[in-house]
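What follows is the content of final-v5.cif, which has mmCIF, C-alpha atoms:
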data_input
loop_
_atom_site.label_atom_id
_atom_site.label_comp_id
_atom_site.auth_asym_id
_atom_site.auth_seq_id
_atom_site.Cartn_x
_atom_site.Cartn_y
_atom_site.Cartn_z
CA MET A 130 83.21 51.30 -10.11
CA SER A 131 80.79 53.98 -11.36
CA ASP A 132 78.63 52.09 -13.86
CA TRP A 133 76.17 50.64 -11.35
CA GLU A 134 72.72 49.70 -12.66
CA LEU A 135 71.18 51.19 -9.52
CA LYS A 136 72.25 52.52 -6.15
CA ILE A 137 70.25 51.43 -3.11
CA LEU A 138 70.38 52.79 0.44
CA CYS A 139 68.66 51.13 3.38
CA MET A 140 68.11 53.40 6.39
CA GLY A 141 68.28 51.03 9.34
CA ALA A 142 70.84 48.27 9.94
CA GLY A 143 68.66 45.99 12.00
CA TYR A 144 67.13 42.53 11.67
CA VAL A 145 65.19 43.30 8.47
CA GLY A 146 67.41 45.82 6.69
CA GLY A 147 70.73 44.01 7.11
CA PRO A 148 69.78 40.54 5.78
CA THR A 149 67.50 41.93 3.04
CA MET A 150 70.21 44.21 1.65
CA ALA A 151 72.84 41.46 1.93
CA VAL A 152 70.73 39.13 -0.22
CA ILE A 153 69.96 41.88 -2.77
CA ALA A 154 73.71 42.57 -3.02
CA LYS A 155 74.46 38.86 -3.49
CA GLN A 156 71.85 38.39 -6.20
CA CYS A 157 72.46 41.74 -7.97
CA PRO A 158 76.24 42.24 -8.33
CA LYS A 159 75.73 45.29 -10.58
CA ILE A 160 73.65 47.13 -7.96
CA ARG A 161 75.46 49.12 -5.26
CA VAL A 162 73.83 48.46 -1.88
CA VAL A 163 74.52 50.51 1.25
CA VAL A 164 73.14 49.81 4.72
CA GLY A 165 73.12 53.05 6.69
CA ASP A 166 72.53 53.68 10.38
CA LEU A 167 73.22 56.46 12.88
CA SER A 168 74.73 53.95 15.32
CA GLN A 169 78.48 53.70 14.78
CA LYS A 170 78.57 50.60 17.01
CA GLN A 171 76.00 48.85 14.80
CA ILE A 172 77.83 49.72 11.58
CA ASP A 173 81.22 48.71 13.03
CA ALA A 174 79.75 45.30 13.90
CA TRP A 175 78.46 44.82 10.34
CA ASN A 176 81.98 45.49 9.09
CA THR A 177 83.39 42.59 11.14
CA ASP A 178 82.72 38.84 11.20
CA ASP A 179 80.90 39.31 14.53
CA LEU A 180 77.63 40.55 13.06
CA PRO A 181 75.10 42.35 15.33
CA ILE A 182 72.43 39.73 14.53
CA TYR A 183 72.61 36.00 13.93
CA GLU A 184 70.86 34.24 11.09
CA PRO A 185 72.08 30.94 9.60
CA GLY A 186 73.90 31.73 6.35
CA LEU A 187 73.96 35.51 6.86
CA LEU A 188 77.68 35.82 7.59
CA GLU A 189 78.60 33.90 4.43
CA VAL A 190 76.43 36.19 2.29
CA VAL A 191 77.86 39.34 3.92
CA LYS A 192 81.47 38.17 3.53
CA GLU A 193 80.88 37.38 -0.15
CA CYS A 194 79.51 40.86 -0.96
CA ARG A 195 81.06 43.22 1.59
CA GLY A 196 83.44 45.64 -0.10
CA ARG A 197 82.30 44.49 -3.56
CA ASN A 198 78.81 45.94 -3.86
CA LEU A 199 77.66 45.85 -0.21
CA PHE A 200 78.74 48.62 2.12
CA PHE A 201 77.88 49.76 5.65
CA SER A 202 78.02 53.45 6.58
CA THR A 203 76.96 56.10 9.07
CA ASP A 204 77.29 58.88 6.48
CA LEU A 205 73.59 59.02 5.64
CA ASP A 206 73.77 62.45 3.97
CA LYS A 207 76.27 61.23 1.37
CA GLU A 208 74.40 58.01 0.70
CA ILE A 209 71.02 59.76 0.36
CA LEU A 210 72.53 62.04 -2.27
CA GLU A 211 73.82 59.07 -4.29
CA ALA A 212 70.92 56.62 -3.93
CA ASP A 213 68.25 55.93 -6.54
CA ILE A 214 66.12 53.83 -4.17
CA ILE A 215 65.95 54.40 -0.41
CA PHE A 216 64.49 51.72 1.88
CA ILE A 217 63.18 52.80 5.28
CA SER A 218 63.68 49.86 7.63
CA VAL A 219 63.62 51.24 11.16
CA ASN A 220 62.03 50.20 14.45
CA THR A 221 58.31 50.90 14.92
CA PRO A 222 57.89 50.18 18.65
CA THR A 223 54.53 50.19 20.42
CA LYS A 224 53.47 53.66 21.56
CA THR A 225 53.96 54.30 25.27
CA GLN A 226 51.84 57.45 25.49
CA GLY A 227 49.08 59.33 23.70
CA ILE A 228 46.31 57.84 21.55
CA GLY A 229 46.84 54.11 21.09
CA ALA A 230 49.39 53.77 23.91
CA GLY A 231 50.17 50.11 24.54
CA ARG A 232 48.62 49.02 21.21
CA ALA A 233 49.46 51.23 18.23
CA ALA A 234 52.84 51.37 16.47
CA ASN A 235 54.95 54.50 16.85
CA ILE A 236 55.99 55.60 13.35
CA LYS A 237 58.15 58.49 14.56
CA ASN A 238 61.34 56.85 13.24
CA CYS A 239 59.83 56.46 9.77
CA GLU A 240 58.82 60.11 9.77
CA LEU A 241 62.32 61.17 10.88
CA CYS A 242 63.81 59.22 7.96
CA ALA A 243 61.40 60.94 5.55
CA ARG A 244 62.34 64.38 6.89
CA HIS A 245 66.05 63.51 6.53
CA ILE A 246 65.54 62.47 2.90
CA ALA A 247 63.51 65.61 2.10
CA ARG A 248 66.15 67.84 3.70
CA VAL A 249 69.21 66.29 2.05
CA ALA A 250 68.11 65.02 -1.39
CA THR A 251 69.11 67.02 -4.46
CA SER A 252 67.25 64.80 -6.95
CA SER A 253 64.15 62.60 -7.12
CA LYS A 254 64.27 59.28 -5.22
CA ILE A 255 62.10 56.18 -4.89
CA VAL A 256 61.32 55.67 -1.19
CA VAL A 257 60.39 52.16 -0.03
CA GLU A 258 58.62 51.51 3.26
CA LYS A 259 60.04 48.22 4.62
CA SER A 260 59.11 48.48 8.31
CA THR A 261 55.95 46.88 9.69
CA VAL A 262 53.63 49.87 9.96
CA PRO A 263 49.94 50.76 10.27
CA VAL A 264 47.93 51.26 7.08
CA ARG A 265 48.36 54.78 5.62
CA THR A 266 51.86 55.25 6.99
CA ALA A 267 53.04 55.58 3.38
CA SER A 268 50.64 58.51 3.00
CA ALA A 269 52.21 60.19 6.05
CA ILE A 270 55.70 59.64 4.59
CA GLU A 271 54.53 60.98 1.24
CA ARG A 272 53.12 64.15 2.82
CA ILE A 273 56.46 64.84 4.52
CA LEU A 274 58.44 64.23 1.32
CA LYS A 275 56.10 66.42 -0.74
CA SER A 276 56.62 69.29 1.70
CA ASN A 277 60.12 69.84 0.28
CA GLU A 278 60.38 73.05 -1.71
CA LYS A 279 62.90 71.71 -4.23
CA GLY A 280 60.39 70.39 -6.73
CA PHE A 281 61.61 66.78 -6.64
CA SER A 282 59.31 63.75 -6.75
CA PHE A 283 59.51 60.99 -4.16
CA PRO A 284 57.20 58.12 -5.15
CA VAL A 285 56.59 55.99 -2.05
CA LEU A 286 56.31 52.19 -2.26
CA SER A 287 55.35 49.58 0.32
CA ASN A 288 57.45 46.40 0.28
CA PRO A 289 56.67 44.46 3.49
CA GLU A 290 58.89 41.64 4.70
CA PHE A 291 57.63 38.14 5.45
CA LEU A 292 60.67 36.75 7.27
CA ALA A 293 60.80 34.16 10.05
CA GLU A 294 63.54 34.21 12.64
CA GLY A 295 66.02 31.41 11.93
CA THR A 296 65.07 31.04 8.26
CA ALA A 297 65.40 34.66 7.08
CA ILE A 298 68.12 34.01 4.49
CA GLY A 299 66.21 31.10 2.97
CA ASP A 300 63.03 33.19 3.01
CA LEU A 301 64.86 35.95 1.11
CA MET A 302 66.64 33.67 -1.35
CA LYS A 303 63.51 31.69 -2.23
CA PRO A 304 60.48 33.77 -1.21
CA ASP A 305 57.02 32.39 -1.87
CA ARG A 306 55.99 35.94 -2.81
CA VAL A 307 57.33 39.49 -2.96
CA LEU A 308 54.73 42.18 -2.44
CA ILE A 309 55.15 45.71 -3.78
CA GLY A 310 52.50 48.39 -3.33
CA GLY A 311 52.51 51.79 -4.99
CA GLN A 312 50.29 54.63 -6.06
CA GLN A 313 48.24 53.74 -9.16
CA THR A 314 49.62 56.72 -11.09
CA PRO A 315 52.11 56.67 -14.00
CA GLU A 316 54.87 57.79 -11.60
CA GLY A 317 53.91 55.23 -8.95
CA ILE A 318 53.64 52.36 -11.45
CA LYS A 319 57.04 53.25 -12.95
CA ALA A 320 58.61 53.30 -9.46
CA ALA A 321 57.07 49.91 -8.65
CA GLU A 322 58.44 48.44 -11.89
CA THR A 323 61.92 49.71 -10.97
CA LEU A 324 61.76 47.79 -7.68
CA VAL A 325 60.28 44.77 -9.48
CA SER A 326 63.35 44.77 -11.75
CA VAL A 327 65.59 44.41 -8.67
CA TYR A 328 63.79 41.36 -7.28
CA ALA A 329 63.40 39.88 -10.77
CA HIS A 330 67.16 39.13 -10.74
CA TRP A 331 66.33 35.99 -8.75
CA VAL A 332 62.57 35.80 -8.03
CA PRO A 333 60.25 34.49 -10.80
CA ARG A 334 58.14 37.38 -12.11
CA GLU A 335 54.86 35.61 -11.31
CA GLN A 336 55.84 35.58 -7.62
CA ILE A 337 56.35 39.36 -7.54
CA LEU A 338 52.92 40.84 -6.80
CA THR A 339 52.12 44.50 -7.36
CA THR A 340 49.18 46.27 -5.78
CA ASN A 341 48.20 49.64 -4.30
CA LEU A 342 49.81 51.11 -1.20
CA TRP A 343 47.08 50.44 1.35
CA SER A 344 46.56 46.84 0.21
CA SER A 345 50.27 46.14 0.58
CA GLU A 346 50.43 47.62 4.08
CA LEU A 347 47.28 45.76 5.14
CA SER A 348 48.57 42.43 3.76
CA LYS A 349 51.49 42.47 6.18
CA LEU A 350 49.24 43.17 9.16
CA VAL A 351 46.82 40.44 8.09
CA ALA A 352 49.71 37.96 7.74
CA ASN A 353 50.83 38.83 11.28
CA ALA A 354 47.25 38.44 12.56
CA PHE A 355 46.93 34.99 10.94
CA LEU A 356 50.20 33.93 12.57
CA ALA A 357 48.98 35.11 15.98
CA GLN A 358 45.72 33.19 15.49
CA ARG A 359 47.61 30.01 14.56
CA VAL A 360 49.81 30.30 17.66
CA SER A 361 46.75 30.96 19.84
CA SER A 362 44.88 27.98 18.36
CA ILE A 363 47.74 25.53 18.84
CA ASN A 364 48.19 26.76 22.41
CA SER A 365 44.50 26.00 23.05
CA ILE A 366 44.90 22.50 21.58
CA SER A 367 48.01 21.99 23.70
CA ALA A 368 46.10 22.94 26.85
CA LEU A 369 43.31 20.52 25.83
CA CYS A 370 45.82 17.70 25.29
CA GLU A 371 47.37 18.31 28.71
#
Just give me the structure of the file as structure tokens.
Amino acid sequence: MSDWELKILCMGAGYVGGPTMAVIAKQCPKIRVVVGDLSQKQIDAWNTDDLPIYEPGLLEVVKECRGRNLFFSTDLDKEILEADIIFISVNTPTKTQGIGAGRAANIKNCELCARHIARVATSSKIVVEKSTVPVRTASAIERILKSNEKGFSFPVLSNPEFLAEGTAIGDLMKPDRVLIGGQQTPEGIKAAETLVSVYAHWVPREQILTTNLWSSELSKLVANAFLAQRVSSINSISALCE
């Protein structure tokens, strides 16, 4: 089938990328969705019924879409060439050395993905930052992508996830909000509207929020901070009750 509405690649077949792409494939049968990863073991597992992660309802969604419009591949070069939208959904572990060691997130994997896209792409792409990252990471990705000498444009969007372990599929199927941040330029706004059109297949338009890049990145970190505060508060109350 060649008449796809859009072609999406997600770089990273982990806890966020796999379920998110599976739900997009389920809800958008005319969009080709590929989950790509360098790990052959990870991709092989996604192509079986023994998935590398467990989420209630995930296997049923994957089995419904796999081979129809959902594919898993290690051939990142080929998929980058074909994709219209590329999600970056890779690990951002805590830094173990240098400035911020033990506290700050290491965005090396995001930067490696950006360099791979810049090296391989032969046309303009929309690049979507899906990983949980520090504010201004999108700017770092954008700088790398703009360093290509091919003259292509790579508008960068921020689309943070708000998933909870154990309810991820429900959270994706019926999200209380979808947040998309982009540059407030004609190119950035057009790229954001393209991603909005994907989610609008199943999410009411009023629940799809668009903002600027930094606000989107900060919103995810604030949500995480609120969660940590809630856990801390209930632990204090628990200690008091004891």
Translate the PyMOL selection byres ((chain A and resi 164) around 6), as applied to the file shown, into an explicit residue set as a ChimeraX atom specification. /A:138-139,142,163,165,201
For the structure provided, state which residues fall under the PyMOL selection byres ((chain A and resi 191) around 12), and present them as a ChimeraX atom specification. /A:147-156,162-164,174-180,182-190,192-201,298
Any chance you could resolve the PyMOL selection byres ((chain A and resi 235-243) around 6) against this file and give the residues as a list of chain:residue names? A:Thr221, A:Pro222, A:Thr223, A:Lys224, A:Ala234, A:Arg244, A:His245, A:Ile246, A:Ile270
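Put simply, atom CA of A:Lys259 is 22.3 Å away from atom CA of A:Gly231.
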So that I can check the surroundings of A:Leu350, please list as a ChimeraX atom specification every protein, DNA and RNA residue that reaches within 9 Å of it, counting only C-alpha atoms and ignoring chain neighbours fewer than 6 positions away. /A:261-264
Taking all atoms of stretch 328-346 of chain A that the file lists, what box with edges along x, y and z, padded by 3 Å per side, do you get, with centre and edge lengths in Å to one decimal, as JSON?
{"center_x": 56.9, "center_y": 42.8, "center_z": -4.0, "size_x": 26.6, "size_y": 22.6, "size_z": 22.2}
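The two atoms in question, atom CA of A:Lys136 and atom CA of A:Arg272, are spaced 24.1 Å apart.
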Quick one: of A:Val257, A:Ala269, A:Ala352, A:Ala357, who's nearest to A:Thr323, counting all atoms listed in the file?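 Closest candidate: A:Val257.
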Applying 9 Å and only C-alpha atoms, which residues near A:Ile209 remain after dropping the ones on its own chain fewer than 3 positions away? List them as a PyMOL selection string. chain A and resi 138+204-206+212-215+245-246+249-251+254
For A:Lys170, the nearest of the candidates A:Asp132, A:Glu278, A:Thr203, A:Val145, counting all atoms listed in the file: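 The shortest atom-to-atom distance to A:Lys170 comes from A:Thr203.
Distance check against A:Ser345 using only C-alpha atoms: of A:Asp173, A:Glu258, A:Asp166, A:Glu134, the minimum falls on A:Glu258.
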I'd like the interatomic distance between atom CA of A:Gln313 and atom CA of A:Ile217, to a tenth of an Å.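 Computed distance, atom CA of A:Gln313 to atom CA of A:Ile217, equals 20.8 Å.
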Option closest in space to A:Gly310, from A:Asn220, A:Asn341, A:Ser326, A:Thr225 [counting only C-alpha atoms]: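 That would be A:Asn341, the residue with the smallest distance to A:Gly310.
Within a radius of 12 Å around (50.1, 53.5, -11.2), the polymer residues are A:Pro284, A:Val285, A:Leu286, A:Ile309, A:Gly310, A:Gly311, A:Gln312, A:Gln313, A:Thr314, A:Pro315, A:Glu316, A:Gly317, A:Ile318, A:Lys319, A:Ala320, A:Ala321, A:Glu322, A:Thr339, A:Thr340, A:Asn341, A:Leu342, counting only C-alpha atoms.
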Residue subset to file, keeping C-alpha atoms, as a tab-separated table (two decimals), keeping the file's coordinate frame:
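Below you can see again17.tsv, which holds the result:
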chain	number	residue	atom	x	y	z
A	284	PRO	CA	57.20	58.12	-5.15
A	285	VAL	CA	56.59	55.99	-2.05
A	286	LEU	CA	56.31	52.19	-2.26
A	309	ILE	CA	55.15	45.71	-3.78
A	310	GLY	CA	52.50	48.39	-3.33
A	311	GLY	CA	52.51	51.79	-4.99
A	312	GLN	CA	50.29	54.63	-6.06
A	313	GLN	CA	48.24	53.74	-9.16
A	314	THR	CA	49.62	56.72	-11.09
A	315	PRO	CA	52.11	56.67	-14.00
A	316	GLU	CA	54.87	57.79	-11.60
A	317	GLY	CA	53.91	55.23	-8.95
A	318	ILE	CA	53.64	52.36	-11.45
A	319	LYS	CA	57.04	53.25	-12.95
A	320	ALA	CA	58.61	53.30	-9.46
A	321	ALA	CA	57.07	49.91	-8.65
A	322	GLU	CA	58.44	48.44	-11.89
A	339	THR	CA	52.12	44.50	-7.36
A	340	THR	CA	49.18	46.27	-5.78
A	341	ASN	CA	48.20	49.64	-4.30
A	342	LEU	CA	49.81	51.11	-1.20
Let me make sure I understand: among A:Ala230, A:Ser253, A:Ser282, A:Asp305, which one has the smallest atom-to-atom distance to A:Gln336 if we use only C-alpha atoms? A:Asp305
Residue nearest A:Ala297 among A:Phe281, A:Trp133, A:Tyr144, A:Phe216 (counting all atoms listed in the file): A:Tyr144
Add whatever atoms are absent from stretch 304-320 of chain A to reach N, CA, C and O atoms, and provide the output as a JSON list (two decimals), in the coordinates of the input.
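Resulting contents of out_10.json:
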[["chain", "number", "residue", "atom", "x", "y", "z"],
["A", 304, "PRO", "N", 61.76, 33.33, -1.81],
["A", 304, "PRO", "CA", 60.48, 33.77, -1.21],
["A", 304, "PRO", "C", 59.30, 33.16, -1.95],
["A", 304, "PRO", "O", 59.36, 32.91, -3.16],
["A", 305, "ASP", "N", 58.22, 32.89, -1.19],
["A", 305, "ASP", "CA", 57.02, 32.39, -1.87],
["A", 305, "ASP", "C", 56.28, 33.52, -2.56],
["A", 305, "ASP", "O", 55.50, 33.30, -3.49],
["A", 306, "ARG", "N", 56.52, 34.78, -2.10],
["A", 306, "ARG", "CA", 55.99, 35.94, -2.81],
["A", 306, "ARG", "C", 56.75, 37.18, -2.37],
["A", 306, "ARG", "O", 57.29, 37.24, -1.26],
["A", 307, "VAL", "N", 56.82, 38.15, -3.27],
["A", 307, "VAL", "CA", 57.33, 39.49, -2.96],
["A", 307, "VAL", "C", 56.20, 40.45, -3.26],
["A", 307, "VAL", "O", 55.63, 40.43, -4.35],
["A", 308, "LEU", "N", 55.87, 41.27, -2.29],
["A", 308, "LEU", "CA", 54.73, 42.18, -2.44],
["A", 308, "LEU", "C", 55.22, 43.62, -2.54],
["A", 308, "LEU", "O", 56.00, 44.08, -1.70],
["A", 309, "ILE", "N", 54.76, 44.32, -3.57],
["A", 309, "ILE", "CA", 55.15, 45.71, -3.78],
["A", 309, "ILE", "C", 53.89, 46.53, -4.03],
["A", 309, "ILE", "O", 53.12, 46.26, -4.95],
["A", 310, "GLY", "N", 53.66, 47.52, -3.18],
["A", 310, "GLY", "CA", 52.50, 48.39, -3.33],
["A", 310, "GLY", "C", 52.93, 49.79, -3.70],
["A", 310, "GLY", "O", 53.94, 50.30, -3.19],
["A", 311, "GLY", "N", 52.19, 50.42, -4.58],
["A", 311, "GLY", "CA", 52.51, 51.79, -4.99],
["A", 311, "GLY", "C", 51.27, 52.53, -5.42],
["A", 311, "GLY", "O", 50.20, 51.93, -5.62],
["A", 312, "GLN", "N", 51.41, 53.84, -5.57],
["A", 312, "GLN", "CA", 50.29, 54.63, -6.06],
["A", 312, "GLN", "C", 49.95, 54.20, -7.48],
["A", 312, "GLN", "O", 50.84, 53.93, -8.28],
["A", 313, "GLN", "N", 48.67, 54.15, -7.82],
["A", 313, "GLN", "CA", 48.24, 53.74, -9.16],
["A", 313, "GLN", "C", 48.23, 54.95, -10.10],
["A", 313, "GLN", "O", 47.21, 55.29, -10.71],
["A", 314, "THR", "N", 49.39, 55.59, -10.19],
["A", 314, "THR", "CA", 49.62, 56.72, -11.09],
["A", 314, "THR", "C", 50.78, 56.33, -12.00],
["A", 314, "THR", "O", 51.53, 55.39, -11.68],
["A", 315, "PRO", "N", 50.96, 57.01, -13.14],
["A", 315, "PRO", "CA", 52.11, 56.67, -14.00],
["A", 315, "PRO", "C", 53.44, 56.69, -13.25],
["A", 315, "PRO", "O", 54.27, 55.80, -13.43],
["A", 316, "GLU", "N", 53.62, 57.69, -12.37],
["A", 316, "GLU", "CA", 54.87, 57.79, -11.60],
["A", 316, "GLU", "C", 54.99, 56.64, -10.61],
["A", 316, "GLU", "O", 56.06, 56.02, -10.47],
["A", 317, "GLY", "N", 53.89, 56.31, -9.93],
["A", 317, "GLY", "CA", 53.91, 55.23, -8.95],
["A", 317, "GLY", "C", 54.13, 53.87, -9.59],
["A", 317, "GLY", "O", 54.88, 53.03, -9.08],
["A", 318, "ILE", "N", 53.48, 53.64, -10.74],
["A", 318, "ILE", "CA", 53.64, 52.36, -11.45],
["A", 318, "ILE", "C", 55.07, 52.21, -11.96],
["A", 318, "ILE", "O", 55.67, 51.12, -11.88],
["A", 319, "LYS", "N", 55.65, 53.29, -12.47],
["A", 319, "LYS", "CA", 57.04, 53.25, -12.95],
["A", 319, "LYS", "C", 57.99, 52.94, -11.80],
["A", 319, "LYS", "O", 58.94, 52.16, -11.94],
["A", 320, "ALA", "N", 57.75, 53.55, -10.63],
["A", 320, "ALA", "CA", 58.61, 53.30, -9.46],
["A", 320, "ALA", "C", 58.50, 51.84, -9.04],
["A", 320, "ALA", "O", 59.52, 51.19, -8.73]]
